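Data file: upload_21.tsv. Format and content: TSV, C-alpha atoms.
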chain	number	residue	atom	x	y	z
A	1	MET	CA	-66.15	18.59	53.52
A	2	ALA	CA	-65.71	15.04	54.77
A	3	ALA	CA	-68.48	13.54	56.88
A	4	PRO	CA	-67.84	13.06	60.65
A	5	PHE	CA	-65.88	9.87	61.30
A	6	ALA	CA	-64.84	8.10	64.50
A	7	ILE	CA	-63.33	4.79	65.60
A	8	ALA	CA	-63.95	3.57	69.16
A	9	GLY	CA	-65.13	7.06	70.09
A	10	ARG	CA	-61.99	8.74	68.78
A	11	GLU	CA	-63.06	11.47	66.35
A	12	ILE	CA	-61.00	11.60	63.18
A	13	GLY	CA	-60.86	14.71	61.03
A	14	ARG	CA	-58.93	17.88	60.38
A	15	HIS	CA	-60.02	19.29	63.75
A	16	ARG	CA	-57.99	16.56	65.51
A	17	PRO	CA	-54.35	15.44	65.29
A	18	PRO	CA	-53.90	12.61	62.79
A	19	LEU	CA	-54.63	9.11	64.05
A	20	VAL	CA	-51.35	7.17	63.84
A	21	ILE	CA	-51.93	3.45	63.30
A	22	ALA	CA	-49.04	1.08	63.97
A	23	GLU	CA	-49.32	-1.88	61.60
A	24	LEU	CA	-47.99	-5.15	63.08
A	25	SER	CA	-48.42	-7.20	59.92
A	26	GLY	CA	-46.01	-10.16	59.99
A	27	ASN	CA	-43.30	-8.50	62.07
A	28	HIS	CA	-44.13	-10.71	65.06
A	29	ASN	CA	-41.93	-13.33	63.34
A	30	ALA	CA	-44.27	-16.14	64.40
A	31	SER	CA	-43.89	-15.34	68.11
A	32	LEU	CA	-46.87	-14.35	70.24
A	33	ASP	CA	-44.50	-12.94	72.86
A	34	ARG	CA	-42.91	-10.71	70.23
A	35	ALA	CA	-46.35	-9.62	69.04
A	36	LEU	CA	-47.21	-8.55	72.59
A	37	HIS	CA	-43.93	-6.65	72.82
A	38	LEU	CA	-44.75	-4.92	69.53
A	39	ILE	CA	-48.00	-3.70	71.04
A	40	ASP	CA	-46.09	-2.37	74.04
A	41	ALA	CA	-43.64	-0.62	71.73
A	42	ALA	CA	-46.47	0.99	69.78
A	43	ALA	CA	-48.08	2.29	72.98
A	44	ASP	CA	-44.76	3.55	74.33
A	45	ALA	CA	-44.09	5.37	71.04
A	46	GLY	CA	-47.35	7.27	71.34
A	47	ALA	CA	-49.37	5.58	68.60
A	48	GLU	CA	-53.10	5.63	69.28
A	49	ALA	CA	-54.01	2.50	67.35
A	50	VAL	CA	-52.53	-0.84	66.41
A	51	LYS	CA	-53.69	-2.96	63.50
A	52	LEU	CA	-53.40	-6.65	62.77
A	53	GLN	CA	-54.01	-8.70	59.63
A	54	THR	CA	-56.45	-11.57	59.99
A	55	TYR	CA	-56.08	-14.48	57.57
A	56	THR	CA	-54.63	-17.93	57.18
A	57	PRO	CA	-52.59	-19.01	54.19
A	58	ASP	CA	-55.53	-21.15	53.07
A	59	THR	CA	-58.10	-18.34	53.34
A	60	ILE	CA	-55.98	-15.93	51.31
A	61	THR	CA	-54.51	-18.21	48.63
A	62	LEU	CA	-53.88	-21.82	47.57
A	63	ASP	CA	-50.95	-24.07	48.35
A	64	HIS	CA	-49.98	-24.18	44.71
A	65	ASP	CA	-46.88	-23.61	42.62
A	66	GLY	CA	-48.55	-22.97	39.30
A	67	PRO	CA	-48.33	-19.78	37.23
A	68	GLY	CA	-49.01	-16.68	39.31
A	69	PHE	CA	-48.55	-18.38	42.67
A	70	ARG	CA	-44.77	-17.81	42.83
A	71	ILE	CA	-43.60	-14.23	43.42
A	72	GLU	CA	-41.28	-12.70	40.84
A	73	GLY	CA	-39.14	-9.71	41.88
A	74	GLY	CA	-39.12	-7.54	44.97
A	75	LEU	CA	-38.57	-8.43	48.61
A	76	TRP	CA	-40.24	-11.84	48.36
A	77	HIS	CA	-38.83	-13.03	45.05
A	78	GLY	CA	-39.04	-16.77	44.51
A	79	ARG	CA	-41.45	-17.53	47.35
A	80	THR	CA	-44.90	-18.94	46.80
A	81	LEU	CA	-47.83	-16.93	48.09
A	82	HIS	CA	-48.83	-19.75	50.41
A	83	ASP	CA	-45.34	-19.98	51.91
A	84	LEU	CA	-45.14	-16.22	52.45
A	85	TYR	CA	-48.55	-15.98	54.08
A	86	ALA	CA	-47.86	-19.03	56.26
A	87	GLU	CA	-44.91	-17.10	57.69
A	88	ALA	CA	-46.63	-13.73	57.95
A	89	GLN	CA	-50.03	-14.76	59.31
A	90	THR	CA	-51.19	-13.72	62.76
A	91	PRO	CA	-52.80	-16.95	64.01
A	92	TYR	CA	-56.49	-16.71	64.84
A	93	ALA	CA	-55.73	-18.22	68.26
A	94	TRP	CA	-53.58	-15.17	69.15
A	95	HIS	CA	-56.22	-12.56	68.44
A	96	GLU	CA	-58.02	-12.57	71.76
A	97	ALA	CA	-54.78	-12.09	73.70
A	98	LEU	CA	-53.57	-9.38	71.32
A	99	PHE	CA	-56.83	-7.48	71.49
A	100	ALA	CA	-56.91	-7.69	75.27
A	101	HIS	CA	-53.30	-6.54	75.63
A	102	ALA	CA	-53.73	-3.63	73.23
A	103	ARG	CA	-56.84	-2.46	75.05
A	104	ALA	CA	-55.05	-2.76	78.38
A	105	ARG	CA	-52.38	-0.43	76.98
A	106	GLY	CA	-55.02	2.10	75.95
A	107	LEU	CA	-54.76	1.42	72.22
A	108	ILE	CA	-57.52	1.19	69.65
A	109	VAL	CA	-57.08	-2.27	68.14
A	110	PHE	CA	-58.60	-3.57	64.93
A	111	SER	CA	-57.61	-5.59	61.88
A	112	SER	CA	-57.76	-6.20	58.15
A	113	PRO	CA	-60.03	-9.18	57.46
A	114	PHE	CA	-59.38	-11.14	54.28
A	115	ASP	CA	-62.43	-13.39	54.25
A	116	VAL	CA	-65.73	-13.99	56.05
A	117	SER	CA	-64.18	-16.22	58.74
A	118	ALA	CA	-61.86	-13.35	59.65
A	119	ILE	CA	-64.79	-10.92	59.89
A	120	ASP	CA	-66.66	-13.38	62.12
A	121	LEU	CA	-63.65	-13.66	64.43
A	122	LEU	CA	-63.13	-9.91	64.61
A	123	GLU	CA	-66.79	-9.25	65.27
A	124	SER	CA	-66.67	-11.74	68.15
A	125	LEU	CA	-63.82	-9.65	69.61
A	126	ASP	CA	-65.84	-6.45	69.15
A	127	ALA	CA	-63.34	-4.91	66.75
A	128	PRO	CA	-64.35	-1.24	66.43
A	129	ALA	CA	-63.49	-0.97	62.71
A	130	PHE	CA	-62.24	-2.91	59.72
A	131	LYS	CA	-59.39	-2.04	57.40
A	132	ILE	CA	-59.76	-3.20	53.79
A	133	ALA	CA	-56.30	-3.77	52.32
A	134	SER	CA	-55.43	-2.42	48.87
A	135	PHE	CA	-55.39	-5.85	47.27
A	136	GLU	CA	-58.89	-6.51	48.62
A	137	ALA	CA	-60.36	-3.12	47.67
A	138	ILE	CA	-61.93	-4.69	44.57
A	139	ASP	CA	-63.51	-7.55	46.56
A	140	LEU	CA	-66.94	-5.97	46.79
A	141	PRO	CA	-68.63	-8.95	48.51
A	142	LEU	CA	-65.97	-8.80	51.24
A	143	ILE	CA	-66.53	-5.06	51.68
A	144	ARG	CA	-70.30	-5.50	51.83
A	145	ARG	CA	-69.92	-8.17	54.51
A	146	ALA	CA	-67.49	-6.02	56.50
A	147	ALA	CA	-69.88	-3.07	56.35
A	148	ARG	CA	-72.94	-5.08	57.33
A	149	GLY	CA	-72.52	-4.57	61.06
A	150	GLY	CA	-72.17	-0.80	60.76
A	151	ARG	CA	-68.55	-0.63	61.81
A	152	PRO	CA	-66.46	2.13	60.19
A	153	LEU	CA	-64.24	1.00	57.33
A	154	ILE	CA	-60.82	2.24	56.26
A	155	VAL	CA	-60.10	1.34	52.64
A	156	SER	CA	-56.61	1.48	51.13
A	157	THR	CA	-56.60	2.59	47.52
A	158	GLY	CA	-53.35	1.09	46.19
A	159	MET	CA	-53.69	0.03	42.54
A	160	THR	CA	-57.34	1.11	42.35
A	161	SER	CA	-58.87	3.30	39.68
A	162	GLU	CA	-61.31	6.13	40.35
A	163	ALA	CA	-64.17	3.86	39.27
A	164	GLU	CA	-63.00	1.05	41.56
A	165	ILE	CA	-62.84	3.42	44.54
A	166	GLU	CA	-66.38	4.52	43.78
A	167	GLU	CA	-67.52	0.89	43.63
A	168	ALA	CA	-65.81	0.14	46.95
A	169	LEU	CA	-67.52	3.12	48.60
A	170	ASP	CA	-70.88	2.04	47.24
A	171	ALA	CA	-70.28	-1.45	48.64
A	172	ALA	CA	-69.40	0.11	51.99
A	173	GLY	CA	-72.68	2.00	52.03
A	174	GLY	CA	-71.37	5.38	50.94
A	175	PRO	CA	-68.79	7.82	52.28
A	176	GLY	CA	-70.46	8.51	55.62
A	177	ASN	CA	-68.75	5.69	57.51
A	178	THR	CA	-65.64	5.13	55.39
A	179	ALA	CA	-62.16	6.65	55.21
A	180	LEU	CA	-59.81	6.27	52.27
A	181	LEU	CA	-56.06	5.77	52.60
A	182	HIS	CA	-53.91	6.81	49.69
A	183	CYS	CA	-51.44	3.99	49.17
A	184	VAL	CA	-48.70	3.00	46.76
A	185	SER	CA	-48.57	-0.80	46.70
A	186	ALA	CA	-44.81	-1.12	46.50
A	187	TYR	CA	-42.70	-2.62	49.28
A	188	PRO	CA	-40.81	-0.42	49.95
A	189	ALA	CA	-42.16	2.52	47.95
A	190	ARG	CA	-39.96	5.27	46.53
A	191	PHE	CA	-40.57	8.89	47.45
A	192	ALA	CA	-40.77	9.68	43.75
A	193	ASP	CA	-43.79	7.38	43.45
A	194	ALA	CA	-45.67	8.59	46.54
A	195	ASN	CA	-47.91	11.08	44.64
A	196	LEU	CA	-49.15	12.70	47.83
A	197	ARG	CA	-50.98	15.43	45.92
A	198	ALA	CA	-53.65	12.79	45.35
A	199	LEU	CA	-54.78	13.29	48.95
A	200	PRO	CA	-56.75	16.54	48.55
A	201	TRP	CA	-58.17	15.19	45.29
A	202	LEU	CA	-59.41	12.03	47.07
A	203	ALA	CA	-61.02	14.12	49.82
A	204	GLU	CA	-62.79	16.42	47.39
A	205	ARG	CA	-63.79	13.74	44.90
A	206	PHE	CA	-65.24	11.25	47.39
A	207	GLY	CA	-66.17	13.34	50.43
A	208	CYS	CA	-64.36	11.00	52.84
A	209	PRO	CA	-61.71	11.50	55.48
A	210	VAL	CA	-58.39	10.65	53.84
A	211	GLY	CA	-55.06	9.39	55.08
A	212	LEU	CA	-51.88	7.66	54.03
A	213	SER	CA	-50.84	4.04	54.22
A	214	ASP	CA	-47.13	4.68	53.90
A	215	HIS	CA	-44.46	2.29	52.63
A	216	THR	CA	-41.71	4.89	52.04
A	217	PRO	CA	-38.75	5.10	54.43
A	218	GLY	CA	-38.82	7.35	57.47
A	219	THR	CA	-41.35	10.04	58.36
A	220	ALA	CA	-41.10	12.59	55.52
A	221	SER	CA	-44.02	11.31	53.46
A	222	ALA	CA	-46.28	11.09	56.49
A	223	VAL	CA	-45.53	14.67	57.56
A	224	ALA	CA	-46.12	15.94	54.01
A	225	ALA	CA	-49.37	13.97	53.90
A	226	VAL	CA	-50.61	15.67	57.08
A	227	ALA	CA	-49.90	19.04	55.48
A	228	LEU	CA	-52.03	17.93	52.52
A	229	GLY	CA	-54.98	16.93	54.67
A	230	ALA	CA	-54.28	13.37	55.86
A	231	VAL	CA	-56.13	12.61	59.09
A	232	ILE	CA	-54.92	8.99	59.38
A	233	ILE	CA	-51.35	7.74	59.06
A	234	GLU	CA	-50.70	4.01	58.90
A	235	LYS	CA	-47.16	2.69	59.08
A	236	HIS	CA	-45.62	-0.77	59.49
A	237	PHE	CA	-43.30	-1.10	62.45
A	238	THR	CA	-40.99	-3.66	64.01
A	239	LEU	CA	-38.83	-4.01	67.09
A	240	ALA	CA	-35.67	-4.03	64.96
A	241	ARG	CA	-35.21	-4.31	61.19
A	242	ALA	CA	-32.14	-6.43	61.82
A	243	ASP	CA	-34.43	-9.13	63.27
A	244	GLY	CA	-35.79	-9.78	59.80
A	245	GLY	CA	-39.33	-10.74	58.97
A	246	PRO	CA	-41.51	-10.40	55.90
A	247	ASP	CA	-42.12	-6.64	56.26
A	248	SER	CA	-39.07	-5.52	58.22
A	249	ALA	CA	-37.36	-3.76	55.31
A	250	PHE	CA	-40.06	-1.05	55.10
A	251	SER	CA	-41.00	-0.91	58.79
A	252	LEU	CA	-40.10	1.68	61.41
A	253	GLU	CA	-38.28	0.82	64.60
A	254	PRO	CA	-39.80	2.03	67.91
A	255	ASP	CA	-37.78	5.25	68.16
A	256	GLU	CA	-38.67	6.07	64.56
A	257	LEU	CA	-42.34	5.38	65.26
A	258	GLY	CA	-42.15	7.79	68.18
A	259	ARG	CA	-40.64	10.40	65.88
A	260	LEU	CA	-43.41	9.77	63.35
A	261	VAL	CA	-46.08	10.38	66.00
A	262	THR	CA	-44.41	13.58	67.19
A	263	ASP	CA	-43.68	14.89	63.70
A	264	CYS	CA	-47.23	14.26	62.48
A	265	ARG	CA	-48.79	15.94	65.50
A	266	ASN	CA	-46.44	18.90	65.20
A	267	ALA	CA	-47.22	19.20	61.49
A	268	TRP	CA	-50.95	19.17	62.25
A	269	GLU	CA	-50.54	21.79	64.97
A	270	ALA	CA	-48.53	24.00	62.62
A	271	LEU	CA	-51.28	24.03	59.97
A	272	GLY	CA	-53.54	26.55	61.66
A	273	GLU	CA	-56.38	28.03	59.60
A	274	PRO	CA	-56.55	29.13	55.95
A	275	VAL	CA	-56.55	32.83	56.91
A	276	LEU	CA	-53.78	35.34	57.63
A	277	ARG	CA	-53.88	36.17	61.30
A	278	ARG	CA	-51.37	37.43	63.81
A	279	GLY	CA	-51.42	35.65	67.11
A	280	GLU	CA	-50.53	36.99	70.53
A	281	VAL	CA	-47.13	35.36	70.20
A	282	GLU	CA	-46.18	38.02	67.63
A	283	THR	CA	-47.57	41.04	69.47
A	284	GLY	CA	-44.49	41.64	71.59
A	285	ASN	CA	-42.22	41.60	68.57
A	286	LYS	CA	-44.02	44.39	66.69
A	287	GLN	CA	-41.74	46.81	68.56
A	288	PHE	CA	-38.81	45.46	66.55
A	289	ARG	CA	-40.28	46.36	63.18
A	290	ARG	CA	-38.88	49.38	61.36
A	291	SER	CA	-40.22	52.91	61.80
A	292	LEU	CA	-39.11	56.53	61.29
A	293	TYR	CA	-36.64	57.94	63.82
A	294	VAL	CA	-34.70	61.14	64.27
A	295	VAL	CA	-31.07	60.13	63.71
A	296	GLU	CA	-29.43	63.58	64.13
A	297	ASP	CA	-30.28	66.51	66.42
A	298	THR	CA	-32.41	68.89	64.36
A	299	LEU	CA	-33.40	72.49	65.19
A	300	ALA	CA	-36.99	73.68	64.90
A	301	GLY	CA	-37.69	74.88	61.37
A	302	ALA	CA	-34.84	72.89	59.79
A	303	ALA	CA	-35.79	70.65	56.90
A	304	LEU	CA	-36.27	66.95	57.51
A	305	THR	CA	-33.92	65.03	55.21
A	306	ASP	CA	-32.36	61.62	54.70
A	307	ALA	CA	-29.57	62.82	56.97
A	308	ASN	CA	-31.73	63.40	60.04
A	309	VAL	CA	-34.68	61.03	59.54
A	310	ARG	CA	-34.34	57.36	58.67
A	311	SER	CA	-36.26	54.08	58.76
A	312	ILE	CA	-34.68	51.97	61.50
A	313	ARG	CA	-35.63	49.56	64.26
A	314	PRO	CA	-37.49	49.72	66.73
A	315	GLY	CA	-41.05	50.34	65.67
A	316	TYR	CA	-42.37	53.21	67.80
A	317	GLY	CA	-42.23	55.93	65.14
A	318	LEU	CA	-44.25	56.62	62.02
A	319	GLU	CA	-44.53	53.84	59.46
A	320	PRO	CA	-41.66	53.77	56.96
A	321	LYS	CA	-44.12	54.31	54.10
A	322	ARG	CA	-44.64	57.88	55.45
A	323	LEU	CA	-41.03	58.88	54.70
A	324	PRO	CA	-41.81	60.54	51.33
A	325	GLU	CA	-44.50	62.65	53.07
A	326	VAL	CA	-42.05	63.77	55.75
A	327	LEU	CA	-38.94	64.62	53.75
A	328	GLY	CA	-38.59	68.30	52.92
A	329	ARG	CA	-40.97	69.47	55.63
A	330	PRO	CA	-39.70	71.52	58.61
A	331	ALA	CA	-39.22	70.24	62.12
A	332	ALA	CA	-42.08	71.54	64.30
A	333	ARG	CA	-39.74	71.76	67.32
A	334	ASP	CA	-36.20	70.90	68.27
A	335	LEU	CA	-35.73	67.17	67.67
A	336	LYS	CA	-33.29	64.96	69.52
A	337	ARG	CA	-31.37	62.04	68.05
A	338	GLY	CA	-33.11	58.76	68.99
A	339	GLU	CA	-36.66	60.16	69.16
A	340	PRO	CA	-39.36	58.21	67.33
A	341	LEU	CA	-40.86	60.54	64.75
A	342	ALA	CA	-44.53	61.48	65.26
A	343	TRP	CA	-46.78	63.73	63.15
A	344	GLU	CA	-46.79	66.49	65.79
A	345	MET	CA	-43.00	66.76	65.27
A	346	VAL	CA	-43.46	67.55	61.55
A	347	GLY	CA	-44.37	71.07	60.43
A	348	SER	CA	-46.38	71.99	57.37
As a first step, turn the structure in this file into structure tokens.
Amino acid sequence: MAAPFAIAGREIGRHRPPLVIAELSGNHNASLDRALHLIDAAADAGAEAVKLQTYTPDTITLDHDGPGFRIEGGLWHGRTLHDLYAEAQTPYAWHEALFAHARARGLIVFSSPFDVSAIDLLESLDAPAFKIASFEAIDLPLIRRAARGGRPLIVSTGMTSEAEIEEALDAAGGPGNTALLHCVSAYPARFADANLRALPWLAERFGCPVGLSDHTPGTASAVAAVALGAVIIEKHFTLARADGGPDSAFSLEPDELGRLVTDCRNAWEALGEPVLRRGEVETGNKQFRRSLYVVEDTLAGAALTDANVRSIRPGYGLEPKRLPEVLGRPAARDLKRGEPLAWEMVGS
């Protein structure tokens, strides 16, 4: 059983609907005004949290064109890391306004720091949590620094091994204040690669709340993840994919984000408990189950047969399983067609 976990007073666990985090990433397209509108769209769609990414191109990489610094394949083929991150960064100078606006809209707001300067900035803004991105999950000094102030951590597990996850949790101070997000670091990710059955394994193996950082299209993976125990769903979103931007191809539009929130909450509500129980909603329909009825007028003393007793709806007569005990026995009194069969109507 995962330890209790909360961000900004919002409890997170299987006893609560999943926390849906709207990831802004670089979909602000270098416009603060657009970033503010993205926050509004997230709030209007029903997300409870919005997440930024806090870095500069020079804190995350080098302005260099040597081997390894130019991307080969995928959405960003041919671009250098520095060029990509210069476009996608959320400037440090925007953070105060973004945090204030998100809080004014009733959202939990936090970020992924990528170096110590980012952590310092976010701490100054009283960020209630830190998200450690998949690519940084092996940066144990960064995780230790992020955990130092006691804030809860959410760690994405894309590309990590079991041993690396264990190391990250140790750096975070153990599972008590950390959640793990299953993640496939592909942009976009295919459904065939999602491997959502890893979720219950992660929860059992590490004793943490688990969730999904989802890069597949639409809402299907997120809903399936909730059914498998995810208590956090993180999804990139944008105002419109047609507007472009570094992450637009695998981001949801506002109406889709709203559907994600609704679908995940409905999936959680549908889970119930791991026991077979019949709720009050079914009680009224028991009358429509099958039972034994007299289907032909039958005189007292006449044998009960398949011709005059059958299993039909509604359910006010004897249980259908009693039919073999009834057949061949005499009617205890005159029976009328349409009467529910009771034991006092059956002779010995």
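For the atom pair formed by CA of Leu260 in chain A and CA of His101 in chain A, the distance is 22.7 Å, given to one decimal.
Close contacts of range 47-52 of chain A, defined as residues with an atom at most 6 Å away when counting only C-alpha atoms, with chain neighbours fewer than 2 positions off set aside, comprise Val20, Ile21, Ala22, Glu23, Leu24, Ser25, Ala42, Ala43, Ala45, Leu107, Ile108, Val109, Phe110 and Ser111 of chain A.
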Find the residues near Leu299 in chain A: any atom within 12 Å, counting all atoms listed in the file, skip ones fewer than 3 places away on the same chain, and give them as a VMD selection string.
chain A and resid 294 296 302 to 304 308 330 to 337 345 to 346
Using all atoms listed in the file, which of A:Lys131, A:His15, A:His182, A:His28 sits nearest Gly244 in chain A?
A:His28
Kindly extract all protein, DNA and RNA residues lying within 6 Å of the coordinates (-45.6, -19.1, 45.5) given in the file, considering all atoms listed in the file, and supply them as a ChimeraX atom specification.
/A:65,69-71,79-82
Correct to one decimal, the distance CA of Glu319 in chain A-CA of Ser291 in chain A is 5.0 Å
Shortest contact to Leu121 in chain A, candidates A:Leu36, A:Leu341, A:Ala102, A:Ala146, atoms counted only C-alpha atoms, goes to A:Ala146
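Here CA of His95 in chain A is placed at a distance of 11.0 Å from CA of Tyr55 in chain A.
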Excluding Gly174 in chain A and residues on its chain fewer than 6 positions from it, collect all residues at most 10 Å away from it, counting all atoms listed in the file, and give them as a count of residues only.
6
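Counting only C-alpha atoms and comparing A:Ile39, A:Leu212, A:Leu142, A:Ala300, the residue that lies closest to Asp115 in chain A is A:Leu142.
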